[in-house]
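Student: Before I ask anything, let me first share the structure, which is written out below as structure tokens.
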There are 2 protein chains.
Amino acid sequence: MKLYTYFRSSAAYRVRIALALKGLDYEAVPVHLVRGGGEQHQPEYRALNPAGLLPALEAGGQVLTQSLAIIEYLDETHPEPPLLPGSALDRARIRAIAQTIACEVHPLNNLRVLKYLSGTLAVDEAAKKAWYHHWVGSGLATVERLLAGDPRTGTFCHGDTPTLADLCLAPQVFNARRFDCDLSAMPTITRIVAACEALEAFIQASPARQPDAE
Amino acid sequence: MKLYTYFRSSAAYRVRIALALKGLDYEAVPVHLVRGGGEQHQPEYRALNPAGLLPALEAGGQVLTQSLAIIEYLDETHPEPPLLPGSALDRARIRAIAQTIACEVHPLNNLRVLKYLSGTLAVDEAAKKAWYHHWVGSGLATVERLLAGDPRTGTFCHGDTPTLADLCLAPQVFNARRFDCDLSAMPTITRIVAACEALEAFIQASPARQPDAE
């Protein structure tokens with residue numbers, strides 16, 4: 001398998017954790033999101049992934065896109081350890097936590113949106129930072145409420161093994177810290193991410209450990 | 001089952017189509033997204049869904065949130081007709097198309113984001129409309145490229161029966177038309193959505209047919 005990745009892409013980071021947890025070997029192909037206006041916009045990459053976004057995974061003779069779709073594919077084809085364990089209701093909760101991050105937080109704060117704000121809308125740095133903090137803050141506050149006090153929350157977001165939810169949460173919190181977001185009102189998230197960050201798979205997948213890290 | 005819904009919410013619309021395709025009865029509980037500052041922000045609804053977003057589904061003694069997670073749950077518990085048919089690679093493609101809409105288009109253009117633009121950032125109507133058109137245009141252009149020329153595309157996004165991808169595409173196109181987006185460069189999307197709109201389940205689930213339609 002070949003993973004198109006960038007060390008700081010939190011969507012690629014999710015997939016790297018899945019690959020590491022499942023012990024799957026892959027070739028990492030770095031796509032620099034900033035250099036030269038962004039290598040993801042070059043025709044060679046657009047031919048692979050028309051969205052011009054990371055990650056993409058070559059597997060089974062196809063190019064797979066969208067991080068959550070890729071992780072579900074990896075989980076279906078390499079079931080151990082399961083990233084969506086339990087019953088249909090368990091999976092519904094795991095996917096809802098993951099999607100709260102992947103659909104409500106991350107899309108608003110990725111590079112292309114921040115560029116549109118400062119470019120087309122001429123928003124200044126302070127207002128751009130406030131935008132970032134607003135959506136991370138409200139999205140993670142929702143996740144905290146979904147986690148805190150729910151008996152299904154364990155060492156990790158859902159039970160005592162990492163699931164798809166944790167694969168989204170840890171990279172989002174990594175980003176939040178990089179942009180100085182205040183997480184002091186989110187003790188459950190902070191505790192769970194600390195548990196994630198102690199696992200070898202999360203360490204291996206982290207931005208600092210990538211061959212393209214700067 | 002009880003579905004918290006609003007006739008114009010495209011995320012709720014996705015779930016309504018799934019329920020209709022599977023022939024499942026449910027009680028519709030309207031939550032007005034605009035009236036009184038938005039009923040989704042009231043404490044009663046926030047207690048059910050901390051995100052303050054639609055839809056939410058009461059099922060199996062739990063409150064499920066996030067439309068794609070809800071649809072996956074319905075598909076696991078009521079497998080016929082399948083909304084994620086085929087192999088793991090088929091499902092990866094279906095989910096990727098769905099997520100291109102649910103993660104790259106819809107989150108940027110929903111009500112709370114448009115409010116932030118015009119409120120906090122004091123963006124004028126023309127710039128707000130340009131923002132909307134930009135993200136719908138680029139997102140649907142990606143979907144068009146994923147669909148056109150791929151032999152797996154059939155009457156619908158993936159094969160000849162509607163899947164999770166169509167459940168996301170038809171509501172997004174409904175919204176795009178409401179905001180006068182130009183879809184003339186998207187013949188595959190236009191053809192597929194016409195096929196969707198001819199199906200009784202899509203008609204039943206459409207905004208105009210909802211009890212809270214205005």
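Order determines the names: the first chain of the structure tokens is A, the second B, and so forth; residues in each chain are numbered 1 upward, and ligands are numbered 1 upward as they are shown.
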Quick one: residues within 8 Å of Ser10 of chain B, only C-alpha atoms, excluding same-chain residues fewer than 6 positions away - as a list of chain:residue names?
Tutor: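 Those residues are B:Pro171, B:Gln172, B:Asn175.
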Student: Hey, which bits of chain B sit within 8 Å of chain A, and for each residue what's the closest pair of atoms and how far apart in Å (one decimal), counting only C-alpha atoms, rows by chain and increasing number, as a Markdown table?
Tutor:
| residue | atom | partner | partner_atom | distance |
| --- | --- | --- | --- | --- |
| B:Pro50 | CA | A:Thr142 | CA | 5.5 |
| B:Ala51 | CA | A:Thr142 | CA | 5.2 |
| B:Gly60 | CA | A:Leu89 | CA | 7.4 |
| B:Gln62 | CA | A:Leu89 | CA | 7.9 |
| B:Leu64 | CA | A:Ala92 | CA | 6.7 |
| B:Thr65 | CA | A:Ala96 | CA | 5.9 |
| B:Gln66 | CA | A:Ala96 | CA | 5.3 |
| B:Ala69 | CA | A:Ala92 | CA | 5.3 |
| B:Ile70 | CA | A:Ala92 | CA | 6.4 |
| B:Glu72 | CA | A:Ala92 | CA | 7.3 |
| B:Tyr73 | CA | A:Ala92 | CA | 5.8 |
| B:Glu76 | CA | A:Ala88 | CA | 6.4 |
| B:Thr77 | CA | A:Ala88 | CA | 7.0 |
| B:Ala88 | CA | A:Tyr73 | CA | 5.8 |
| B:Leu89 | CA | A:Tyr73 | CA | 7.0 |
| B:Arg91 | CA | A:Tyr73 | CA | 7.5 |
| B:Ala92 | CA | A:Ala69 | CA | 5.2 |
| B:Arg93 | CA | A:Leu64 | CA | 6.9 |
| B:Arg95 | CA | A:Ala69 | CA | 5.3 |
| B:Ala96 | CA | A:Gln66 | CA | 5.3 |
| B:Gln99 | CA | A:Gln66 | CA | 6.7 |
| B:Thr100 | CA | A:Gln66 | CA | 7.1 |
| B:Ala102 | CA | A:Cys103 | CA | 6.5 |
| B:Cys103 | CA | A:Cys103 | CA | 4.7 |
| B:Glu104 | CA | A:Pro107 | CA | 6.2 |
| B:Pro107 | CA | A:Glu104 | CA | 6.2 |
| B:Leu108 | CA | A:Leu108 | CA | 6.3 |
| B:Leu121 | CA | A:Ala127 | CA | 7.7 |
| B:Val123 | CA | A:Leu121 | CA | 7.8 |
| B:Ala127 | CA | A:Leu121 | CA | 7.7 |
| B:Gly139 | CA | A:Ala51 | CA | 7.5 |
| B:Thr142 | CA | A:Ala51 | CA | 5.2 |
| B:Arg145 | CA | A:Pro50 | CA | 6.4 |
| B:Leu146 | CA | A:Pro50 | CA | 7.0 |
Student: Can you list, as a PDB file with all heavy atoms, in the first residue's frame, all residues belonging to segment 17-156 of chain B that DSSP tags as strand (DSSP E)?
Tutor:
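What ended up in selection-v9.pdb:
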ATOM      1  N   GLU B  27     -41.471   8.779  13.983  1.00  0.00           N
ATOM      2  CA  GLU B  27     -42.158  10.014  14.359  1.00  0.00           C
ATOM      3  C   GLU B  27     -41.230  11.184  14.046  1.00  0.00           C
ATOM      4  O   GLU B  27     -40.083  11.189  14.493  1.00  0.00           O
ATOM      5  CB  GLU B  27     -42.478   9.978  15.860  1.00  0.00           C
ATOM      6  CG  GLU B  27     -43.158  11.241  16.372  1.00  0.00           C
ATOM      7  CD  GLU B  27     -43.243  11.264  17.906  1.00  0.00           C
ATOM      8  OE1 GLU B  27     -43.007  10.211  18.544  1.00  0.00           O
ATOM      9  OE2 GLU B  27     -43.534  12.340  18.445  1.00  0.00           O
ATOM     10  N   ALA B  28     -41.718  12.146  13.275  1.00  0.00           N
ATOM     11  CA  ALA B  28     -40.898  13.322  12.961  1.00  0.00           C
ATOM     12  C   ALA B  28     -41.135  14.395  14.023  1.00  0.00           C
ATOM     13  O   ALA B  28     -42.271  14.798  14.265  1.00  0.00           O
ATOM     14  CB  ALA B  28     -41.257  13.861  11.583  1.00  0.00           C
ATOM     15  N   VAL B  29     -40.056  14.844  14.665  1.00  0.00           N
ATOM     16  CA  VAL B  29     -40.150  15.936  15.644  1.00  0.00           C
ATOM     17  C   VAL B  29     -39.461  17.152  15.032  1.00  0.00           C
ATOM     18  O   VAL B  29     -38.238  17.187  14.927  1.00  0.00           O
ATOM     19  CB  VAL B  29     -39.456  15.555  16.973  1.00  0.00           C
ATOM     20  CG1 VAL B  29     -39.634  16.669  17.996  1.00  0.00           C
ATOM     21  CG2 VAL B  29     -39.976  14.230  17.495  1.00  0.00           C
ATOM     22  N   PRO B  30     -40.247  18.152  14.605  1.00  0.00           N
ATOM     23  CA  PRO B  30     -39.612  19.311  13.958  1.00  0.00           C
ATOM     24  C   PRO B  30     -38.844  20.180  14.961  1.00  0.00           C
ATOM     25  O   PRO B  30     -39.323  20.435  16.067  1.00  0.00           O
ATOM     26  CB  PRO B  30     -40.798  20.094  13.378  1.00  0.00           C
ATOM     27  CG  PRO B  30     -42.006  19.218  13.538  1.00  0.00           C
ATOM     28  CD  PRO B  30     -41.706  18.271  14.650  1.00  0.00           C
ATOM     29  N   ALA B  56     -31.091  14.194  14.829  1.00  0.00           N
ATOM     30  CA  ALA B  56     -30.818  13.217  15.878  1.00  0.00           C
ATOM     31  C   ALA B  56     -31.908  12.161  15.758  1.00  0.00           C
ATOM     32  O   ALA B  56     -33.040  12.475  15.368  1.00  0.00           O
ATOM     33  CB  ALA B  56     -30.832  13.871  17.249  1.00  0.00           C
ATOM     34  N   LEU B  57     -31.565  10.932  16.046  1.00  0.00           N
ATOM     35  CA  LEU B  57     -32.530   9.832  15.952  1.00  0.00           C
ATOM     36  C   LEU B  57     -32.565   9.088  17.277  1.00  0.00           C
ATOM     37  O   LEU B  57     -31.523   8.629  17.756  1.00  0.00           O
ATOM     38  CB  LEU B  57     -32.120   8.860  14.830  1.00  0.00           C
ATOM     39  CG  LEU B  57     -33.087   7.695  14.568  1.00  0.00           C
ATOM     40  CD1 LEU B  57     -34.331   8.185  13.824  1.00  0.00           C
ATOM     41  CD2 LEU B  57     -32.404   6.580  13.769  1.00  0.00           C
ATOM     42  N   GLU B  58     -33.764   9.000  17.858  1.00  0.00           N
ATOM     43  CA  GLU B  58     -33.917   8.130  19.027  1.00  0.00           C
ATOM     44  C   GLU B  58     -34.199   6.726  18.527  1.00  0.00           C
ATOM     45  O   GLU B  58     -35.203   6.492  17.841  1.00  0.00           O
ATOM     46  CB  GLU B  58     -35.067   8.610  19.912  1.00  0.00           C
ATOM     47  CG  GLU B  58     -34.698   9.841  20.735  1.00  0.00           C
ATOM     48  CD  GLU B  58     -35.782  10.207  21.764  1.00  0.00           C
ATOM     49  OE1 GLU B  58     -36.569   9.317  22.165  1.00  0.00           O
ATOM     50  OE2 GLU B  58     -35.854  11.394  22.120  1.00  0.00           O
ATOM     51  N   ALA B  59     -33.308   5.803  18.869  1.00  0.00           N
ATOM     52  CA  ALA B  59     -33.451   4.414  18.406  1.00  0.00           C
ATOM     53  C   ALA B  59     -32.664   3.517  19.344  1.00  0.00           C
ATOM     54  O   ALA B  59     -31.604   3.907  19.830  1.00  0.00           O
ATOM     55  CB  ALA B  59     -32.901   4.268  16.983  1.00  0.00           C
ATOM     56  N   GLN B  62     -31.244   4.822  22.638  1.00  0.00           N
ATOM     57  CA  GLN B  62     -30.191   5.838  22.637  1.00  0.00           C
ATOM     58  C   GLN B  62     -30.565   6.980  21.705  1.00  0.00           C
ATOM     59  O   GLN B  62     -31.452   6.831  20.855  1.00  0.00           O
ATOM     60  CB  GLN B  62     -28.874   5.234  22.119  1.00  0.00           C
ATOM     61  CG  GLN B  62     -28.319   4.083  22.935  1.00  0.00           C
ATOM     62  CD  GLN B  62     -27.703   4.525  24.264  1.00  0.00           C
ATOM     63  OE1 GLN B  62     -27.388   5.705  24.443  1.00  0.00           O
ATOM     64  NE2 GLN B  62     -27.558   3.591  25.188  1.00  0.00           N
ATOM     65  N   VAL B  63     -29.870   8.109  21.869  1.00  0.00           N
ATOM     66  CA  VAL B  63     -30.001   9.204  20.909  1.00  0.00           C
ATOM     67  C   VAL B  63     -28.776   9.161  19.992  1.00  0.00           C
ATOM     68  O   VAL B  63     -27.648   9.296  20.463  1.00  0.00           O
ATOM     69  CB  VAL B  63     -30.078  10.571  21.606  1.00  0.00           C
ATOM     70  CG1 VAL B  63     -30.192  11.684  20.568  1.00  0.00           C
ATOM     71  CG2 VAL B  63     -31.256  10.612  22.572  1.00  0.00           C
ATOM     72  N   LEU B  64     -29.006   8.938  18.713  1.00  0.00           N
ATOM     73  CA  LEU B  64     -27.904   8.883  17.751  1.00  0.00           C
ATOM     74  C   LEU B  64     -27.777  10.235  17.058  1.00  0.00           C
ATOM     75  O   LEU B  64     -28.782  10.868  16.725  1.00  0.00           O
ATOM     76  CB  LEU B  64     -28.151   7.794  16.704  1.00  0.00           C
ATOM     77  CG  LEU B  64     -28.589   6.415  17.215  1.00  0.00           C
ATOM     78  CD1 LEU B  64     -28.607   5.411  16.075  1.00  0.00           C
ATOM     79  CD2 LEU B  64     -27.684   5.934  18.327  1.00  0.00           C
ATOM     80  N   THR B  65     -26.538  10.659  16.825  1.00  0.00           N
ATOM     81  CA  THR B  65     -26.305  11.920  16.128  1.00  0.00           C
ATOM     82  C   THR B  65     -25.360  11.687  14.951  1.00  0.00           C
ATOM     83  O   THR B  65     -24.812  10.611  14.798  1.00  0.00           O
ATOM     84  CB  THR B  65     -25.699  12.986  17.069  1.00  0.00           C
ATOM     85  OG1 THR B  65     -24.395  12.569  17.482  1.00  0.00           O
ATOM     86  CG2 THR B  65     -26.560  13.185  18.305  1.00  0.00           C
TER      87      THR B  65
END
Student: Tell me which protein, DNA and RNA residues are within 12 Å of Ile192 of chain B, counting only C-alpha atoms, leaving out same-chain ones fewer than 4 positions away, and put them as number ranges by chain.
Tutor: B: 143-144, 147-148, 153-163, 165-170, 173, 186-188, 196-199
Student: Could you write out that same residue set with C-alpha atoms as a PDB file, in the first residue's frame?
Tutor:
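This went into result-v7.pdb:
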ATOM      1  CA  VAL B 143     -17.691  14.680  -7.022  1.00  0.00           C
ATOM      2  CA  GLU B 144     -18.294  15.083 -10.773  1.00  0.00           C
ATOM      3  CA  LEU B 147     -18.237   9.954 -10.965  1.00  0.00           C
ATOM      4  CA  ALA B 148     -17.615  10.762 -14.632  1.00  0.00           C
ATOM      5  CA  THR B 153     -20.863   4.794 -11.760  1.00  0.00           C
ATOM      6  CA  GLY B 154     -24.258   3.609 -12.982  1.00  0.00           C
ATOM      7  CA  THR B 155     -27.775   4.986 -12.868  1.00  0.00           C
ATOM      8  CA  PHE B 156     -26.725   6.184  -9.444  1.00  0.00           C
ATOM      9  CA  CYS B 157     -23.349   7.196  -7.947  1.00  0.00           C
ATOM     10  CA  HIS B 158     -22.262   3.594  -7.507  1.00  0.00           C
ATOM     11  CA  GLY B 159     -24.125   1.043  -9.561  1.00  0.00           C
ATOM     12  CA  ASP B 160     -27.803   0.962 -10.348  1.00  0.00           C
ATOM     13  CA  THR B 161     -29.318   1.259  -6.890  1.00  0.00           C
ATOM     14  CA  PRO B 162     -29.142   4.277  -4.592  1.00  0.00           C
ATOM     15  CA  THR B 163     -26.385   4.196  -1.963  1.00  0.00           C
ATOM     16  CA  ALA B 165     -23.450   8.537  -1.793  1.00  0.00           C
ATOM     17  CA  ASP B 166     -26.779   9.404  -3.454  1.00  0.00           C
ATOM     18  CA  LEU B 167     -28.334  10.114  -0.059  1.00  0.00           C
ATOM     19  CA  CYS B 168     -25.728  12.875   0.363  1.00  0.00           C
ATOM     20  CA  LEU B 169     -25.678  14.075  -3.239  1.00  0.00           C
ATOM     21  CA  ALA B 170     -29.388  14.741  -3.796  1.00  0.00           C
ATOM     22  CA  VAL B 173     -27.832  19.543  -5.063  1.00  0.00           C
ATOM     23  CA  MET B 186     -21.753  18.706 -13.913  1.00  0.00           C
ATOM     24  CA  PRO B 187     -23.736  16.503 -16.274  1.00  0.00           C
ATOM     25  CA  THR B 188     -23.131  13.258 -14.367  1.00  0.00           C
ATOM     26  CA  CYS B 196     -32.881   9.976  -7.488  1.00  0.00           C
ATOM     27  CA  GLU B 197     -35.683  12.519  -7.670  1.00  0.00           C
ATOM     28  CA  ALA B 198     -37.818  10.069  -9.655  1.00  0.00           C
ATOM     29  CA  LEU B 199     -37.803   7.584  -6.752  1.00  0.00           C
TER      30      LEU B 199
END
Student: Expressed in Å to a single decimal, how great is the separation between atom CA of Arg178 of chain B and atom CA of Arg16 of chain B?
Tutor: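 Distance between the two atoms: 19.2 Å.
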Student: Of the residues A:Arg14, A:Lys115, A:Arg8, A:His78, which is the one nearest to Gly37 of chain A, using only C-alpha atoms?
Tutor: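 Once distances to Gly37 of chain A are computed over only C-alpha atoms, the minimum belongs to A:Lys115.
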Student: Could you give me, as a ChimeraX atom specification, each residue of segment 34-195 of chain A that DSSP assigns to helix (DSSP H, G or I) when run on this structure's backbone?
Tutor: /A:35-37,39-41,43-48,67-77,88-104,106-109,111-118,125-147,164-178,187-195
Student: Using only C-alpha atoms, please write the residues we just selected to a file, as a compact mmCIF listing (two decimals), in the first residue's frame.
Tutor:
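Heads up, here's the output in selection04.txt:
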# COMPACT_ATOMS: atom_id res chain seq x y z
CA ARG A 35 5.68 24.29 -0.80
CA GLY A 36 5.25 25.70 -4.31
CA GLY A 37 1.63 26.67 -3.63
CA GLU A 39 1.92 19.91 -4.22
CA GLN A 40 -1.62 18.55 -3.75
CA HIS A 41 -2.76 20.88 -6.56
CA PRO A 43 -1.81 17.63 -12.04
CA GLU A 44 -0.05 14.36 -11.09
CA TYR A 45 -1.69 14.34 -7.67
CA ARG A 46 -5.06 15.66 -8.91
CA ALA A 47 -5.13 12.74 -11.34
CA LEU A 48 -4.96 10.41 -8.34
CA SER A 67 -9.68 9.49 5.69
CA LEU A 68 -12.73 7.95 7.39
CA ALA A 69 -13.61 5.93 4.28
CA ILE A 70 -10.01 4.69 4.13
CA ILE A 71 -10.04 3.69 7.80
CA GLU A 72 -13.36 1.83 7.40
CA TYR A 73 -11.78 0.00 4.43
CA LEU A 74 -8.71 -0.94 6.48
CA ASP A 75 -10.97 -2.11 9.29
CA GLU A 76 -13.04 -4.27 6.96
CA THR A 77 -10.03 -5.82 5.24
CA ALA A 88 -24.47 -1.39 15.87
CA LEU A 89 -25.26 1.08 18.68
CA ASP A 90 -21.61 1.08 19.77
CA ARG A 91 -20.49 1.76 16.22
CA ALA A 92 -23.08 4.55 15.89
CA ARG A 93 -21.57 6.29 18.91
CA ILE A 94 -17.99 5.79 17.75
CA ARG A 95 -18.79 7.11 14.27
CA ALA A 96 -20.74 10.08 15.69
CA ILE A 97 -17.77 11.17 17.83
CA ALA A 98 -15.42 10.73 14.85
CA GLN A 99 -17.74 12.67 12.55
CA THR A 100 -18.21 15.48 15.06
CA ILE A 101 -14.50 16.09 14.55
CA ALA A 102 -14.29 15.19 10.86
CA CYS A 103 -17.46 17.05 9.79
CA GLU A 104 -17.82 19.89 12.31
CA HIS A 106 -11.63 19.94 10.85
CA PRO A 107 -13.30 21.12 7.59
CA LEU A 108 -13.62 24.65 8.94
CA ASN A 109 -10.00 24.96 9.94
CA LEU A 111 -5.46 25.09 5.13
CA ARG A 112 -7.66 25.92 2.13
CA VAL A 113 -10.32 27.53 4.33
CA LEU A 114 -7.78 29.59 6.28
CA LYS A 115 -6.33 30.70 2.95
CA TYR A 116 -9.76 31.77 1.67
CA LEU A 117 -10.31 33.78 4.86
CA SER A 118 -7.02 35.67 4.67
CA GLU A 125 -4.54 37.33 11.58
CA ALA A 126 -6.38 37.97 14.85
CA ALA A 127 -9.80 37.33 13.31
CA LYS A 128 -8.49 34.21 11.58
CA LYS A 129 -7.15 32.90 14.87
CA ALA A 130 -10.48 33.68 16.55
CA TRP A 131 -12.28 31.73 13.78
CA TYR A 132 -9.96 28.77 14.38
CA HIS A 133 -10.47 28.86 18.14
CA HIS A 134 -14.23 29.27 17.77
CA TRP A 135 -14.77 26.10 15.74
CA VAL A 136 -12.23 23.99 17.62
CA GLY A 137 -13.64 25.23 20.91
CA SER A 138 -17.29 24.57 20.10
CA GLY A 139 -16.57 21.25 18.36
CA LEU A 140 -14.37 19.85 21.11
CA ALA A 141 -16.83 21.12 23.75
CA THR A 142 -19.45 18.95 22.03
CA VAL A 143 -17.08 15.98 22.06
CA GLU A 144 -16.35 16.56 25.76
CA ARG A 145 -20.10 16.49 26.49
CA LEU A 146 -20.52 13.31 24.44
CA LEU A 147 -17.71 11.67 26.43
CA LEU A 164 -12.08 5.37 15.07
CA ALA A 165 -13.13 8.12 17.51
CA ASP A 166 -9.68 8.26 19.12
CA LEU A 167 -8.04 8.23 15.68
CA CYS A 168 -9.86 11.51 14.98
CA LEU A 169 -9.55 13.02 18.45
CA ALA A 170 -5.78 12.76 19.00
CA PRO A 171 -4.80 14.52 15.72
CA GLN A 172 -7.43 17.24 16.30
CA VAL A 173 -6.05 17.90 19.78
CA PHE A 174 -2.53 17.95 18.37
CA ASN A 175 -3.66 20.72 16.01
CA ALA A 176 -5.56 22.54 18.74
CA ARG A 177 -2.43 22.70 20.86
CA ARG A 178 -0.35 23.91 17.94
CA PRO A 187 -10.65 17.06 31.18
CA THR A 188 -12.08 13.92 29.58
CA ILE A 189 -10.57 14.73 26.19
CA THR A 190 -7.24 15.60 27.79
CA ARG A 191 -7.18 12.33 29.75
CA ILE A 192 -8.08 10.23 26.69
CA VAL A 193 -5.55 11.90 24.43
CA ALA A 194 -2.83 11.30 27.04
CA ALA A 195 -3.76 7.59 26.95
